[in-house]
>>> print(open('start_6.csv').read())   # CSV, C-alpha atoms
chain,number,residue,atom,x,y,z
A,1,MET,CA,5.3,-14.7,-18.3
A,2,GLN,CA,8.1,-12.7,-20.0
A,3,LEU,CA,8.7,-9.0,-19.6
A,4,ASP,CA,12.0,-8.3,-21.5
A,5,ARG,CA,10.7,-5.9,-24.1
A,6,ILE,CA,7.8,-3.5,-23.5
A,7,VAL,CA,6.3,-0.9,-25.9
A,8,VAL,CA,4.5,2.1,-24.4
A,9,GLY,CA,2.2,4.1,-26.5
A,10,MET,CA,2.8,7.8,-25.9
A,11,ASP,CA,0.4,10.7,-26.8
A,12,PHE,CA,2.3,13.0,-24.4
A,13,SER,CA,-0.7,13.0,-22.0
A,14,ASP,CA,-0.3,12.7,-18.2
A,15,PRO,CA,-1.9,9.2,-18.1
A,16,CYS,CA,0.6,7.9,-20.6
A,17,ILE,CA,3.5,9.5,-18.7
A,18,ARG,CA,2.3,7.9,-15.5
A,19,ALA,CA,2.0,4.6,-17.2
A,20,VAL,CA,5.6,4.5,-18.4
A,21,GLU,CA,6.8,5.7,-15.1
A,22,TRP,CA,4.9,2.9,-13.3
A,23,VAL,CA,6.1,0.2,-15.8
A,24,ALA,CA,9.8,1.3,-15.4
A,25,ARG,CA,9.7,1.7,-11.7
A,26,VAL,CA,7.4,-1.1,-10.5
A,27,LEU,CA,6.3,-3.6,-13.2
A,28,ALA,CA,9.5,-4.3,-15.1
A,29,PRO,CA,12.5,-2.1,-14.0
A,30,ASP,CA,14.9,-4.4,-15.9
A,31,ALA,CA,13.0,-4.5,-19.2
A,32,ALA,CA,14.0,-2.8,-22.4
A,33,ILE,CA,11.4,-0.1,-22.9
A,34,VAL,CA,10.3,1.4,-26.3
A,35,LEU,CA,8.4,4.7,-26.2
A,36,ALA,CA,6.3,4.9,-29.4
A,37,HIS,CA,4.3,7.8,-30.7
A,38,VAL,CA,2.0,7.5,-33.8
A,39,ILE,CA,1.2,10.5,-35.9
A,40,GLU,CA,-2.0,10.2,-37.9
A,41,SER,CA,-1.2,10.8,-41.6
A,42,PRO,CA,-3.6,13.1,-43.4
A,43,GLY,CA,-3.8,10.9,-46.4
A,44,THR,CA,-1.9,10.2,-49.7
A,45,PRO,CA,-0.2,13.4,-50.9
A,46,SER,CA,-0.4,14.6,-54.5
A,47,PRO,CA,2.8,14.3,-56.6
A,48,ALA,CA,3.3,18.1,-56.6
A,49,SER,CA,3.2,18.2,-52.8
A,50,THR,CA,5.3,15.1,-52.0
A,51,THR,CA,8.5,17.0,-51.2
A,52,ASN,CA,6.7,19.4,-48.8
A,53,ASP,CA,4.8,16.6,-47.2
A,54,GLU,CA,8.0,14.6,-46.6
A,55,SER,CA,9.5,17.7,-45.0
A,56,ARG,CA,6.5,18.2,-42.8
A,57,GLU,CA,6.5,14.6,-41.7
A,58,GLU,CA,10.2,14.8,-41.0
A,59,ARG,CA,9.7,17.9,-38.8
A,60,GLU,CA,6.9,16.2,-37.0
A,61,ARG,CA,9.0,13.1,-36.5
A,62,ARG,CA,12.0,15.1,-35.1
A,63,THR,CA,9.7,17.0,-32.7
A,64,ALA,CA,8.1,13.8,-31.4
A,65,ILE,CA,11.5,12.2,-30.9
A,66,ALA,CA,12.6,15.1,-28.9
A,67,ARG,CA,9.5,15.0,-26.7
A,68,LEU,CA,9.9,11.3,-26.2
A,69,GLY,CA,13.5,11.7,-25.2
A,70,GLU,CA,12.6,14.3,-22.7
A,71,ILE,CA,9.9,12.1,-21.1
A,72,ALA,CA,12.3,9.1,-21.0
A,73,ARG,CA,14.9,11.2,-19.1
A,74,ASN,CA,12.3,12.7,-16.8
A,75,VAL,CA,10.8,9.3,-15.8
A,76,GLY,CA,14.2,7.7,-15.3
A,77,VAL,CA,14.5,5.6,-18.5
A,78,PRO,CA,17.3,7.5,-20.4
A,79,LEU,CA,18.2,4.4,-22.5
A,80,ALA,CA,14.6,3.9,-23.8
A,81,ARG,CA,14.3,3.3,-27.5
A,82,LEU,CA,12.2,6.0,-29.3
A,83,GLU,CA,10.0,5.3,-32.2
A,84,VAL,CA,7.6,7.4,-34.3
A,85,ALA,CA,5.2,5.9,-36.8
A,86,PHE,CA,2.6,7.3,-39.1
A,87,GLY,CA,-0.9,6.1,-39.7
A,88,PRO,CA,-3.8,5.0,-37.5
A,89,PRO,CA,-2.6,4.9,-33.9
A,90,ALA,CA,-3.6,1.2,-33.1
A,91,MET,CA,-2.1,-0.1,-36.4
A,92,GLY,CA,1.1,2.0,-35.7
A,93,LEU,CA,1.5,0.7,-32.2
A,94,ALA,CA,0.9,-2.9,-33.2
A,95,ALA,CA,3.5,-2.6,-36.0
A,96,VAL,CA,6.1,-1.2,-33.5
A,97,ALA,CA,5.3,-4.0,-31.1
A,98,ASP,CA,5.7,-6.6,-33.8
A,99,GLY,CA,9.0,-5.0,-34.9
A,100,TYR,CA,10.4,-5.4,-31.4
A,101,SER,CA,8.8,-8.7,-30.7
A,102,ALA,CA,7.4,-7.0,-27.6
A,103,ASP,CA,6.2,-9.0,-24.6
A,104,LEU,CA,3.7,-6.3,-23.7
A,105,VAL,CA,2.1,-3.1,-25.1
A,106,VAL,CA,1.1,-0.4,-22.6
A,107,LEU,CA,-1.5,2.3,-22.8
A,108,GLY,CA,-2.5,5.0,-20.3
A,109,ALA,CA,-6.3,5.2,-19.7
A,110,HIS,CA,-7.8,8.7,-20.5
A,111,ARG,CA,-10.6,8.6,-17.9
A,112,SER,CA,-10.7,12.4,-17.8
A,113,ARG,CA,-11.8,12.6,-21.4
A,114,ALA,CA,-15.6,12.2,-21.9
A,115,GLY,CA,-15.6,8.9,-20.2
A,116,LEU,CA,-13.7,5.7,-20.8
A,117,ARG,CA,-16.3,4.5,-23.3
A,118,THR,CA,-15.0,7.0,-25.8
A,119,TRP,CA,-11.4,6.1,-25.2
A,120,LEU,CA,-12.0,2.4,-25.5
A,121,GLY,CA,-13.8,2.9,-28.8
A,122,GLY,CA,-10.6,4.4,-30.1
A,123,THR,CA,-7.0,3.2,-29.9
A,124,ALA,CA,-7.2,0.8,-26.9
A,125,GLU,CA,-10.1,-1.3,-28.2
A,126,GLN,CA,-8.7,-1.4,-31.7
A,127,LEU,CA,-5.3,-2.4,-30.3
A,128,LEU,CA,-6.9,-5.2,-28.3
A,129,GLY,CA,-8.4,-6.5,-31.6
A,130,ILE,CA,-5.1,-6.7,-33.5
A,131,ALA,CA,-2.1,-6.8,-31.1
A,132,ARG,CA,-0.2,-10.1,-30.9
A,133,ALA,CA,1.3,-9.1,-27.5
A,134,PRO,CA,-0.8,-8.7,-24.3
A,135,VAL,CA,-2.1,-5.1,-23.7
A,136,LEU,CA,-1.6,-3.4,-20.4
A,137,VAL,CA,-4.1,-0.6,-19.6
A,138,VAL,CA,-3.0,1.6,-16.8
A,139,ALA,CA,-5.7,3.7,-15.2
A,140,GLN,CA,-4.7,4.3,-11.5
A,141,VAL,CA,-1.8,2.9,-9.6
A,142,ALA,CA,-1.4,2.6,-5.8
A,143,ASP,CA,1.8,3.5,-4.0
A,144,GLY,CA,4.2,0.6,-3.6
A,145,LEU,CA,4.0,-2.9,-5.1
A,146,PRO,CA,0.7,-4.5,-6.1
A,147,ARG,CA,-0.5,-6.7,-3.2
A,148,ARG,CA,-3.3,-8.5,-5.0
A,149,VAL,CA,-3.6,-10.4,-8.3
A,150,LEU,CA,-6.9,-11.1,-9.9
A,151,ALA,CA,-6.8,-13.7,-12.7
A,152,ALA,CA,-10.0,-13.8,-14.7
A,153,ALA,CA,-11.1,-15.5,-17.9
A,154,THR,CA,-14.5,-16.4,-19.3
A,155,ASP,CA,-12.9,-18.4,-22.2
A,156,PRO,CA,-11.3,-21.8,-21.3
A,157,LEU,CA,-8.9,-21.3,-24.2
A,158,LEU,CA,-7.3,-18.5,-22.3
A,159,ALA,CA,-7.3,-20.1,-18.8
A,160,ALA,CA,-3.7,-21.5,-19.0
A,161,ARG,CA,-2.2,-18.2,-20.2
A,162,VAL,CA,-4.0,-16.2,-17.6
A,163,ARG,CA,-2.8,-18.5,-14.8
A,164,ASP,CA,0.8,-18.4,-16.1
A,165,TRP,CA,0.7,-14.6,-16.0
A,166,ALA,CA,-1.0,-14.4,-12.7
A,167,ASP,CA,1.6,-16.8,-11.2
A,168,GLY,CA,4.4,-14.8,-12.6
A,169,LEU,CA,3.1,-11.5,-11.3
A,170,ALA,CA,2.3,-13.0,-7.9
A,171,GLN,CA,5.9,-14.2,-7.5
A,172,ARG,CA,7.3,-11.0,-8.9
A,173,PHE,CA,5.5,-8.8,-6.3
A,174,SER,CA,5.2,-11.4,-3.5
A,175,ALA,CA,1.5,-10.7,-3.6
A,176,SER,CA,-0.3,-11.5,-0.4
A,177,GLU,CA,-3.7,-12.3,-1.9
A,178,MET,CA,-4.6,-14.0,-5.2
A,179,VAL,CA,-8.1,-14.6,-6.6
A,180,MET,CA,-8.9,-16.6,-9.7
A,181,THR,CA,-12.2,-16.5,-11.5
A,182,MET,CA,-12.5,-19.0,-14.4
A,183,SER,CA,-15.3,-20.4,-16.6
A,184,HIS,CA,-14.8,-24.2,-16.9
A,185,ALA,CA,-11.4,-23.9,-15.1
A,186,PRO,CA,-9.5,-27.0,-13.9
A,187,ALA,CA,-10.2,-28.1,-10.3
A,188,ARG,CA,-6.7,-27.1,-9.2
A,189,PRO,CA,-5.6,-23.7,-10.4
A,190,THR,CA,-1.9,-23.1,-10.3
A,191,VAL,CA,-2.2,-19.7,-8.5
A,192,ALA,CA,-1.6,-20.5,-4.9
A,193,ASP,CA,-4.7,-20.1,-2.7
A,194,ALA,CA,-6.8,-19.0,-5.7
A,195,ALA,CA,-10.6,-19.4,-5.6
A,196,ASP,CA,-11.7,-21.6,-8.5
A,197,LEU,CA,-15.2,-20.5,-9.3
A,198,ALA,CA,-16.5,-22.5,-12.3
A,199,THR,CA,-19.9,-21.1,-13.1
A,200,ASP,CA,-21.9,-20.2,-16.2
A,201,ASP,CA,-20.6,-17.2,-18.2
A,202,THR,CA,-23.1,-14.8,-16.8
A,203,GLY,CA,-22.3,-15.7,-13.2
A,204,THR,CA,-18.6,-15.6,-14.0
A,205,GLU,CA,-18.8,-12.1,-15.5
A,206,LEU,CA,-20.6,-10.7,-12.5
A,207,HIS,CA,-18.1,-12.2,-10.2
A,208,ILE,CA,-15.2,-10.8,-12.3
A,209,LEU,CA,-16.8,-7.3,-12.0
A,210,THR,CA,-17.2,-7.7,-8.3
A,211,GLU,CA,-13.6,-8.8,-7.7
A,212,ALA,CA,-12.3,-6.1,-10.1
A,213,GLU,CA,-14.0,-3.4,-8.0
A,214,ARG,CA,-12.2,-4.7,-4.9
A,215,CYS,CA,-8.8,-4.9,-6.7
A,216,ARG,CA,-7.6,-1.4,-5.9
A,217,ASN,CA,-4.0,-2.1,-4.6
A,218,GLY,CA,-3.3,-4.8,-7.2
A,219,ILE,CA,-3.3,-5.9,-10.8
A,220,ILE,CA,-5.8,-7.7,-13.0
A,221,VAL,CA,-4.9,-10.3,-15.6
A,222,LEU,CA,-7.9,-10.6,-17.9
A,223,GLY,CA,-8.5,-13.2,-20.7
A,224,CYS,CA,-10.3,-11.3,-23.5
A,225,ARG,CA,-12.7,-13.2,-25.6
A,226,GLY,CA,-12.9,-11.4,-29.0
A,227,ALA,CA,-9.4,-9.8,-28.7
A,228,GLY,CA,-6.4,-10.6,-30.8
A,229,ARG,CA,-8.4,-12.2,-33.7
A,230,GLY,CA,-8.2,-9.3,-36.1
A,231,ASP,CA,-11.7,-10.1,-37.4
A,232,GLY,CA,-13.6,-7.3,-35.8
A,233,ALA,CA,-15.3,-9.6,-33.2
A,234,PRO,CA,-16.5,-7.6,-30.3
A,235,LEU,CA,-15.0,-8.0,-26.9
A,236,ASP,CA,-17.0,-9.9,-24.3
A,237,GLY,CA,-19.0,-8.0,-21.7
A,238,ALA,CA,-16.8,-8.7,-18.8
A,239,THR,CA,-13.7,-7.5,-20.6
A,240,THR,CA,-15.2,-4.3,-21.7
A,241,ALA,CA,-16.7,-3.6,-18.3
A,242,VAL,CA,-13.5,-4.3,-16.3
A,243,LEU,CA,-11.5,-2.1,-18.7
A,244,ARG,CA,-13.9,0.7,-18.2
A,245,ARG,CA,-14.2,0.4,-14.4
A,246,ALA,CA,-10.9,-1.0,-13.1
A,247,THR,CA,-9.1,1.2,-10.5
A,248,CYS,CA,-5.8,-0.7,-11.0
A,249,PRO,CA,-3.7,-1.8,-14.0
A,250,VAL,CA,-5.2,-4.4,-16.3
A,251,ILE,CA,-3.3,-6.8,-18.5
A,252,ALA,CA,-5.5,-8.1,-21.3
A,253,LEU,CA,-4.5,-11.4,-22.9
A,254,ALA,CA,-5.9,-12.2,-26.3
A,255,GLU,CA,-7.2,-15.3,-28.0
A,256,PRO,CA,-4.9,-17.2,-30.3
A,257,PRO,CA,-4.9,-15.5,-33.8
A,258,LEU,CA,-7.3,-17.0,-36.3
A,259,ALA,CA,-5.6,-19.3,-38.9
>>> encode(input="start_6.csv", output="structure tokens")
Amino acid sequence: MQLDRIVVGMDFSDPCIRAVEWVARVLAPDAAIVLAHVIESPGTPSPASTTNDESREERERRTAIARLGEIARNVGVPLARLEVAFGPPAMGLAAVADGYSADLVVLGAHRSRAGLRTWLGGTAEQLLGIARAPVLVVAQVADGLPRRVLAAATDPLLAARVRDWADGLAQRFSASEMVMTMSHAPARPTVADAADLATDDTGTELHILTEAERCRNGIIVLGCRGAGRGDGAPLDGATTAVLRRATCPVIALAEPPLA
């Protein structure tokens, strides 16, 4: 697990501001943080309007940079790098993350907006489908350090990465309780005192959901089947359900990219 460079997607909403504050204060206070805002471009301008459109984009960029800088100062990250991109939000955030070789991309969950299903159908779910770096979705955070780590994967290809992240987080926070739920996991998981529950996929998904509901003062590391492949494959049921229901931060790890 490495948390040296972190990109936080910012739409200037309260959930995103709370997310960057939690990342800077709790998750990775020593990391280099990039605040990134993506402005959706209206389309290709006609030649006659190119100059005006360029001026408009530059004005929008300067305004966004100013707002990002204000947020960085207010949350105590005055040295944050500020980036503004144009285009589809998920593509823009993925490009910024690639440009910085980010170890993590962070989003705030908009649970107050017409349900999380709508939000996941937008930027977050698209980002999970294309991002090379793991994606952290921050819904609610408890006071203090996370005391519980839930490591969960229904895909054996992701088990080792999930365990590595869970071990790293458990050590970072001196977590007092760790639970591991794996499909076809090895008999001796590396997370200390973890429960190795090798079951069929359906049973594993149900157990992941049950444990996620209990993980309120903690953090979840979730191996996401269908994420990171860039081929439009849907996320598995456990991934989608946990991201929609979790009451604590969730780090989603993707499958290896398709060749």
>>> closest_residue(input="start_6.csv", among="A:Ala90, A:Ala151, A:Ala142, A:Leu68", to="A:Gln126", atoms="all atoms listed in the file")
A:Ala90
>>> closest_residue(input="start_6.csv", among="A:Ala252, A:Ala160, A:Leu145, A:Val138", to="A:Val26", atoms="only C-alpha atoms")
A:Leu145
>>> atom_distance(input="start_6.csv", atom1="atom CA of A:Gly9", atom2="atom CA of A:Leu107")
5.5 Å
>>> atom_distance(input="start_6.csv", atom1="atom CA of A:Val75", atom2="atom CA of A:Val105")
17.8 Å
>>> residues_around(input="start_6.csv", residues="A:Ile65", least_positions_apart="6", cutoff="10 Å", atoms="all atoms listed in the file", output="list in words")
Leu35, Ala36, His37, Arg59, Ile71, Arg81, Leu82, Glu83 and Val84 of chain A
>>> atom_distance(input="start_6.csv", atom1="atom CA of A:Pro146", atom2="atom CA of A:Leu243")
17.7 Å
>>> residues_around(input="start_6.csv", residues="A:Asp30", least_positions_apart="3", cutoff="12 Å", atoms="only C-alpha atoms", output="number ranges by chain")
A: 2-6, 23-27, 33, 77, 79-80
>>> closest_residue(input="start_6.csv", among="A:Ala19, A:Val7, A:Ala131, A:Met91", to="A:Val38", atoms="only C-alpha atoms")
A:Met91
>>> residues_around(input="start_6.csv", residues="A:Ser13", least_positions_apart="2", cutoff="12 Å", atoms="all atoms listed in the file", output="list of chain:residue names")
A:Gly9, A:Met10, A:Asp11, A:Pro15, A:Cys16, A:Ile17, A:Arg18, A:Ala19, A:Val20, A:His37, A:Arg67, A:Leu68, A:Ile71, A:Leu107, A:Gly108, A:Ala109, A:His110, A:Arg111, A:Ser112, A:Arg113
